[in-house]
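Below: one structure, written as structure tokens.
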Amino acid sequence: MKRRVQRGMFLLQSVAAVALFSVGAMAVLMLSASARRQSADAHYRAAASVLVADLTARMRLGPRDAALLAAYYGTEGAGAARFSADAAQRLPGVVAHPPEIVIDSDGNVVITLRWQAPGEAAAHQYAAATRVAD
């Protein structure tokens, strides 16, 4: 009689092992997807940082007069157009969220760069403030 009771134990153990393995495999896949998203986000933030640092370096190399900076790097300026084009090449969704460059009369500069990663509903942003003056 004992033999008949234990006949299905191997099948039951096999089903439990497959279920446990499946749960573990799903956890690894979810972790991998999360790591890929975080890696892409870090890449985009690094690219935004480099773009903004390049822009501030170009600002410091040119004339330091706040009015001239505002004219060249303001919303309609050639420097702002170049920055927007560079950002659009390196970051996704920049065209839908154009960069903002605000320059006040004291030479204080605030640069805000926004992008939207593929498949995400919200836009990310990187903002930097500096002072370009004599």
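Naming works like this for the structure tokens: A, B, ... for the chains as they're shown, residue 1 at the start of each chain, ligands 1 onward in shown order.
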
Identify all residues of chain A in helix (DSSP H, G or I) (DSSP on the backbone) and supply them as a PyMOL selection string. chain A and resi 2-5+9-61+66-73+78-90

Please list as a ChimeraX atom specification every residue within 12 Å of Asp106 of chain A, counting only C-alpha atoms and excluding residues in the same chain fewer than 6 positions away. /A:64-70,130-134

With only C-alpha atoms as the counted atoms, please give the residues lying no more than 9 Å from Ala47 of chain A, apart from itself and same-chain residues fewer than 3 positions off, as a PDB file with C-alpha atoms, in the first residue's frame.
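As a result, part26.pdb now contains:
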ATOM      1  CA  ALA A  42      22.518  57.394 -16.665  1.00  0.00           C
ATOM      2  CA  HIS A  43      23.761  57.611 -20.258  1.00  0.00           C
ATOM      3  CA  TYR A  44      21.264  60.369 -21.090  1.00  0.00           C
ATOM      4  CA  VAL A  50      28.515  67.099 -21.315  1.00  0.00           C
ATOM      5  CA  LEU A  51      26.316  69.193 -23.610  1.00  0.00           C
ATOM      6  CA  VAL A  52      25.712  71.817 -20.922  1.00  0.00           C
ATOM      7  CA  ALA A  87      21.157  68.163 -28.011  1.00  0.00           C
ATOM      8  CA  ARG A  90      22.463  63.107 -28.669  1.00  0.00           C
ATOM      9  CA  LEU A  91      19.234  62.951 -26.645  1.00  0.00           C
TER      10      LEU A  91
END

Pick from A:Gln13, A:Ala128, A:Ala78, A:Ala123: nearest to Ala53 of chain A, with only C-alpha atoms counted? A:Ala128

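Residues in contact range of Thr112 of chain A, defined as at most 7 Å between only C-alpha atoms, with sequence neighbours fewer than 2 positions away removed, read A:Pro99, A:Glu100, A:Ile101, A:Val110, A:Arg114, A:Gln125, A:Tyr126, A:Ala127, A:Ala128.
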
I'd like the interatomic distance between atom CA of Leu61 of chain A and atom CA of Ala46 of chain A, to a tenth of an Å.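 Taking atom CA of Leu61 of chain A and atom CA of Ala46 of chain A, their separation equals 22.6 Å.
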
Looking only at the backbone, which of the residues in chain A does DSSP tag as strand (DSSP E), as number ranges by chain? A: 100-103, 108-115, 124-131

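Candidate residues A:Arg7, A:Leu55, A:Ser39, A:Ile103 were compared for distance to Ala81 of chain A, and the nearest is A:Leu55, using only C-alpha atoms.
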